[in-house]
$ cat structure.cif   # mmCIF, C-alpha atoms
data_protein
#
loop_
_atom_site.label_atom_id
_atom_site.label_comp_id
_atom_site.auth_asym_id
_atom_site.auth_seq_id
_atom_site.Cartn_x
_atom_site.Cartn_y
_atom_site.Cartn_z
CA MET A 1 124.31 110.81 114.99
CA LYS A 2 122.01 113.50 113.72
CA VAL A 3 123.59 116.57 112.18
CA SER A 4 121.83 119.78 111.23
CA MET A 5 123.26 122.79 109.43
CA THR A 6 122.38 125.37 106.82
CA VAL A 7 123.78 124.53 103.39
CA ASN A 8 123.54 127.11 100.63
CA GLY A 9 120.91 128.99 102.61
CA LYS A 10 118.66 125.97 103.22
CA PRO A 11 118.30 123.83 106.33
CA ALA A 12 119.82 120.37 105.99
CA SER A 13 119.93 117.48 108.40
CA ALA A 14 120.62 113.76 108.31
CA GLU A 15 121.65 110.78 110.36
CA VAL A 16 125.36 110.19 109.82
CA GLU A 17 128.12 108.12 111.33
CA ALA A 18 130.37 110.16 113.61
CA ARG A 19 133.25 109.61 111.17
CA THR A 20 131.41 111.02 108.13
CA LEU A 21 133.47 113.77 106.56
CA LEU A 22 131.73 116.97 105.54
CA VAL A 23 132.64 116.33 101.89
CA GLU A 24 130.90 112.93 102.10
CA TYR A 25 127.84 114.48 103.72
CA LEU A 26 127.60 117.13 100.99
CA ARG A 27 128.14 114.73 98.09
CA GLU A 28 126.39 111.58 99.31
CA HIS A 29 123.61 112.83 101.56
CA LEU A 30 122.79 116.16 99.90
CA ARG A 31 123.87 115.24 96.35
CA LEU A 32 125.91 118.45 96.04
CA THR A 33 128.62 117.00 93.83
CA GLY A 34 130.29 120.28 92.85
CA THR A 35 132.55 119.90 95.86
CA HIS A 36 135.16 117.47 94.57
CA VAL A 37 137.17 114.80 96.36
CA GLY A 38 140.70 114.93 95.04
CA CYS A 39 143.01 113.50 97.66
CA ASP A 40 141.31 112.91 101.06
CA THR A 41 144.49 114.22 102.66
CA THR A 42 143.89 118.02 102.68
CA GLN A 43 146.54 118.60 100.03
CA CYS A 44 144.64 119.49 96.84
CA GLY A 45 141.88 121.90 97.90
CA ALA A 46 139.29 120.55 95.42
CA CYS A 47 136.88 120.11 98.35
CA THR A 48 137.06 123.71 99.60
CA VAL A 49 133.78 125.13 100.92
CA HIS A 50 132.96 128.03 103.22
CA ILE A 51 131.94 127.33 106.79
CA ASN A 52 130.56 130.38 108.57
CA GLY A 53 132.29 132.51 105.92
CA ASP A 54 135.75 130.93 106.07
CA ALA A 55 137.29 128.64 103.44
CA VAL A 56 137.76 125.11 104.79
CA LYS A 57 138.81 121.90 103.11
CA SER A 58 135.76 119.72 103.65
CA CYS A 59 137.78 116.49 103.65
CA THR A 60 139.42 117.60 106.91
CA ILE A 61 136.33 118.14 109.03
CA PHE A 62 133.60 115.82 110.21
CA ALA A 63 130.02 116.68 109.34
CA VAL A 64 129.07 116.59 113.04
CA GLN A 65 131.62 119.35 113.71
CA CYS A 66 129.47 121.58 111.50
CA GLU A 67 126.39 121.25 113.68
CA GLY A 68 124.51 124.54 113.43
CA ALA A 69 127.01 125.99 110.94
CA ASN A 70 126.35 127.89 107.74
CA VAL A 71 127.99 126.00 104.86
CA LEU A 72 128.35 127.44 101.37
CA THR A 73 129.33 125.23 98.43
CA ILE A 74 130.01 126.07 94.80
CA GLU A 75 126.34 125.30 94.04
CA GLY A 76 125.26 128.11 96.37
CA LEU A 77 127.20 130.90 94.67
CA ALA A 78 125.08 131.68 91.61
CA LYS A 79 121.93 133.70 92.33
CA ASP A 80 118.87 133.84 90.09
CA GLY A 81 120.82 132.24 87.23
CA LYS A 82 123.63 134.81 87.48
CA LEU A 83 127.15 133.61 88.22
CA HIS A 84 128.97 134.92 91.27
CA PRO A 85 131.57 137.56 90.28
CA MET A 86 134.39 135.09 91.00
CA GLN A 87 132.78 132.43 88.81
CA GLU A 88 132.30 135.02 86.08
CA SER A 89 135.95 136.06 86.36
CA PHE A 90 137.12 132.45 86.05
CA LYS A 91 134.98 132.16 82.91
CA GLU A 92 136.21 135.46 81.42
CA ASN A 93 139.88 134.79 82.20
CA HIS A 94 139.92 131.10 81.22
CA GLY A 95 140.84 130.15 84.77
CA LEU A 96 140.02 126.49 84.21
CA GLN A 97 140.83 123.62 81.93
CA CYS A 98 139.51 120.24 82.98
CA GLY A 99 137.45 121.91 85.72
CA PHE A 100 138.21 119.42 88.48
CA CYS A 101 139.97 121.91 90.76
CA THR A 102 137.77 124.84 89.72
CA PRO A 103 135.15 124.66 92.50
CA GLY A 104 137.86 124.65 95.17
CA MET A 105 139.81 127.39 93.41
CA VAL A 106 136.71 129.59 93.13
CA MET A 107 135.85 129.11 96.80
CA ALA A 108 139.47 129.78 97.81
CA GLY A 109 139.54 132.85 95.56
CA ILE A 110 136.46 134.31 97.21
CA ASP A 111 138.04 133.78 100.61
CA ILE A 112 141.32 135.37 99.48
CA ARG A 113 139.47 138.44 98.23
CA ARG A 114 137.41 138.60 101.44
CA ARG A 115 140.58 138.69 103.54
CA HIS A 116 142.72 140.78 101.15
CA LYS A 117 140.75 143.59 99.49
CA ASN A 118 143.50 144.41 96.96
CA PRO A 119 145.84 141.41 96.91
CA THR A 120 149.01 141.31 94.89
CA GLU A 121 149.83 138.49 92.50
CA GLU A 122 152.40 137.29 95.02
CA THR A 123 149.75 137.18 97.77
CA VAL A 124 147.31 135.22 95.60
CA ARG A 125 149.97 132.73 94.53
CA HIS A 126 151.03 132.24 98.16
CA GLU A 127 147.43 131.80 99.32
CA LEU A 128 146.77 129.20 96.59
CA GLU A 129 149.62 126.96 97.73
CA GLY A 130 147.06 124.64 99.35
CA ASN A 131 145.10 124.23 96.10
CA ILE A 132 146.49 122.05 93.33
CA CYS A 133 145.73 122.39 89.62
CA ARG A 134 147.33 119.76 87.44
CA CYS A 135 146.31 121.36 84.12
CA THR A 136 147.38 125.00 84.21
CA GLY A 137 150.35 127.09 85.20
CA TYR A 138 148.01 129.00 87.54
CA HIS A 139 148.46 132.19 85.51
CA ASN A 140 144.79 132.49 84.49
CA ILE A 141 143.55 131.33 87.89
CA VAL A 142 145.57 134.08 89.58
CA LYS A 143 144.37 136.60 87.00
CA ALA A 144 140.75 135.56 87.60
CA ILE A 145 141.08 136.02 91.36
CA LEU A 146 142.81 139.39 90.97
CA THR A 147 140.29 140.79 88.47
CA ALA A 148 137.01 139.50 89.94
CA LYS A 149 134.60 142.41 90.39
CA MET A 150 133.75 141.84 94.03
#
$ encode --input "structure.cif" --output "structure tokens"
Amino acid sequence: MKVSMTVNGKPASAEVEARTLLVEYLREHLRLTGTHVGCDTTQCGACTVHINGDAVKSCTIFAVQCEGANVLTIEGLAKDGKLHPMQESFKENHGLQCGFCTPGMVMAGIDIRRRHKNPTEETVRHELEGNICRCTGYHNIVKAILTAKM
């Protein structure tokens, strides 16, 4: 099947099997490897991307379901060499350790702040329940999301 979408502001299309997951399409066909595969069972959130502005775990959706969609990955956030405010906040607040979950956490954080203009710590912690970090106690991740200058 042929699938066409906009990824990080650029048109992208390819022939894929109907069962190709979006995360596979991004990593294997487009070589956008910032979106990580952590579990393949929608539990860890490392594969979180934005589809038409909403955070979605890309291991839970087929690429063909994104026909005509606007997909944003971690690679599409920085502009003209300048980090996105959420990426900058993760850097400033040490919101990462090994970095494996970081792309998904950043994408989830942006979505949280889009939906909740002034979230509380409790709200951010609740919203992150679908994203797993095995290195931190989430304290700096939550702080990064709360303090991002968006």
$ resolve_selection --input "structure.cif" --expression "the PyMOL selection byres ((chain A and resi 127) around 12)" --output "list in words"
Gly45, Ala55, Met105, Ala108, Gly109, Ile110, Asp111, Ile112, Arg113, Arg115, His116, Pro119, Thr120, Glu121, Glu122, Thr123, Val124, Arg125, His126, Leu128, Glu129, Gly130, Asn131, Ile132, Val142 and Ile145 of chain A
$ closest_residue --input "structure.cif" --among "A:Asp54, A:Cys135, A:Glu15, A:Glu28" --to "A:Arg114" --atoms "only C-alpha atoms"
A:Asp54
$ closest_residue --input "structure.cif" --among "A:Pro103, A:Gly68, A:Gly38, A:Gly137" --to "A:Val7" --atoms "all atoms listed in the file"
A:Gly68
$ residues_around --input "structure.cif" --residues "A:Ala46" --least-positions-apart "4" --cutoff "10 Å" --atoms "only C-alpha atoms" --output "ChimeraX atom specification"
/A:34-40,42,57-59,99-108,130-133
$ resolve_selection --input "structure.cif" --expression "the PyMOL selection byres ((chain A and resi 75) around 10)" --output "ChimeraX atom specification"
/A:7-8,32-35,72-74,76-79,103
$ write_last_selection --input "structure.cif" --atoms "C-alpha atoms" --output "CSV table (one decimal), in the coordinates of the input"
chain,number,residue,atom,x,y,z
A,7,VAL,CA,123.8,124.5,103.4
A,8,ASN,CA,123.5,127.1,100.6
A,32,LEU,CA,125.9,118.4,96.0
A,33,THR,CA,128.6,117.0,93.8
A,34,GLY,CA,130.3,120.3,92.8
A,35,THR,CA,132.6,119.9,95.9
A,72,LEU,CA,128.4,127.4,101.4
A,73,THR,CA,129.3,125.2,98.4
A,74,ILE,CA,130.0,126.1,94.8
A,76,GLY,CA,125.3,128.1,96.4
A,77,LEU,CA,127.2,130.9,94.7
A,78,ALA,CA,125.1,131.7,91.6
A,79,LYS,CA,121.9,133.7,92.3
A,103,PRO,CA,135.2,124.7,92.5
$ resolve_selection --input "structure.cif" --expression "the PyMOL selection byres ((chain A and resi 22) around 8)" --output "mmCIF file with C-alpha atoms, in the coordinates of the input"
data_model
loop_
_atom_site.group_PDB
_atom_site.id
_atom_site.type_symbol
_atom_site.label_atom_id
_atom_site.label_comp_id
_atom_site.auth_asym_id
_atom_site.auth_seq_id
_atom_site.Cartn_x
_atom_site.Cartn_y
_atom_site.Cartn_z
ATOM 1 C CA THR A 20 131.410 111.020 108.130
ATOM 2 C CA LEU A 21 133.470 113.770 106.560
ATOM 3 C CA VAL A 23 132.640 116.330 101.890
ATOM 4 C CA GLU A 24 130.900 112.930 102.100
ATOM 5 C CA TYR A 25 127.840 114.480 103.720
ATOM 6 C CA LEU A 26 127.600 117.130 100.990
ATOM 7 C CA SER A 58 135.760 119.720 103.650
ATOM 8 C CA CYS A 59 137.780 116.490 103.650
ATOM 9 C CA THR A 60 139.420 117.600 106.910
ATOM 10 C CA ILE A 61 136.330 118.140 109.030
ATOM 11 C CA PHE A 62 133.600 115.820 110.210
ATOM 12 C CA ALA A 63 130.020 116.680 109.340
ATOM 13 C CA VAL A 64 129.070 116.590 113.040
ATOM 14 C CA CYS A 66 129.470 121.580 111.500
#
$ atom_distance --input "structure.cif" --atom1 "atom CA of A:Leu96" --atom2 "atom CA of A:Ile141"
7.0 Å
$ decode --input "structure.cif" --residues "stretch 8-51 of chain A" --atoms "C-alpha atoms" --output "compact mmCIF listing (two decimals), in the first residue's frame"
# COMPACT_ATOMS: atom_id res chain seq x y z
CA ASN A 8 8.14 17.38 10.22
CA GLY A 9 6.76 19.79 7.64
CA LYS A 10 7.92 17.79 4.60
CA PRO A 11 5.93 15.50 2.33
CA ALA A 12 6.72 11.81 2.81
CA SER A 13 5.41 8.77 1.02
CA ALA A 14 6.35 5.13 0.61
CA GLU A 15 5.05 1.71 -0.26
CA VAL A 16 4.40 -0.17 2.98
CA GLU A 17 2.69 -3.33 4.09
CA ALA A 18 -0.74 -2.68 5.59
CA ARG A 19 0.56 -3.90 8.97
CA THR A 20 3.49 -1.44 9.12
CA LEU A 21 3.34 0.52 12.34
CA LEU A 22 3.91 4.26 12.21
CA VAL A 23 7.00 3.89 14.40
CA GLU A 24 8.45 1.42 11.87
CA TYR A 25 7.64 3.75 8.99
CA LEU A 26 9.35 6.67 10.72
CA ARG A 27 12.45 4.72 11.77
CA GLU A 28 12.93 2.33 8.85
CA HIS A 29 11.54 4.18 5.85
CA LEU A 30 12.32 7.78 6.81
CA ARG A 31 15.35 7.08 9.03
CA LEU A 32 13.95 9.28 11.81
CA THR A 33 15.38 7.27 14.68
CA GLY A 34 14.68 9.78 17.46
CA THR A 35 11.31 8.11 17.97
CA HIS A 36 12.25 5.10 20.07
CA VAL A 37 10.75 1.63 20.26
CA GLY A 38 10.63 0.60 23.88
CA CYS A 39 7.91 -1.98 24.31
CA ASP A 40 5.68 -2.39 21.20
CA THR A 41 2.74 -2.66 23.59
CA THR A 42 1.80 1.03 24.14
CA GLN A 43 3.04 0.96 27.72
CA CYS A 44 6.27 2.99 27.75
CA GLY A 45 5.59 6.07 25.60
CA ALA A 46 9.11 6.21 24.10
CA CYS A 47 7.51 6.27 20.64
CA THR A 48 5.27 9.29 21.26
CA VAL A 49 4.84 11.63 18.28
CA HIS A 50 2.23 14.23 17.40
CA ILE A 51 -0.37 13.43 14.76
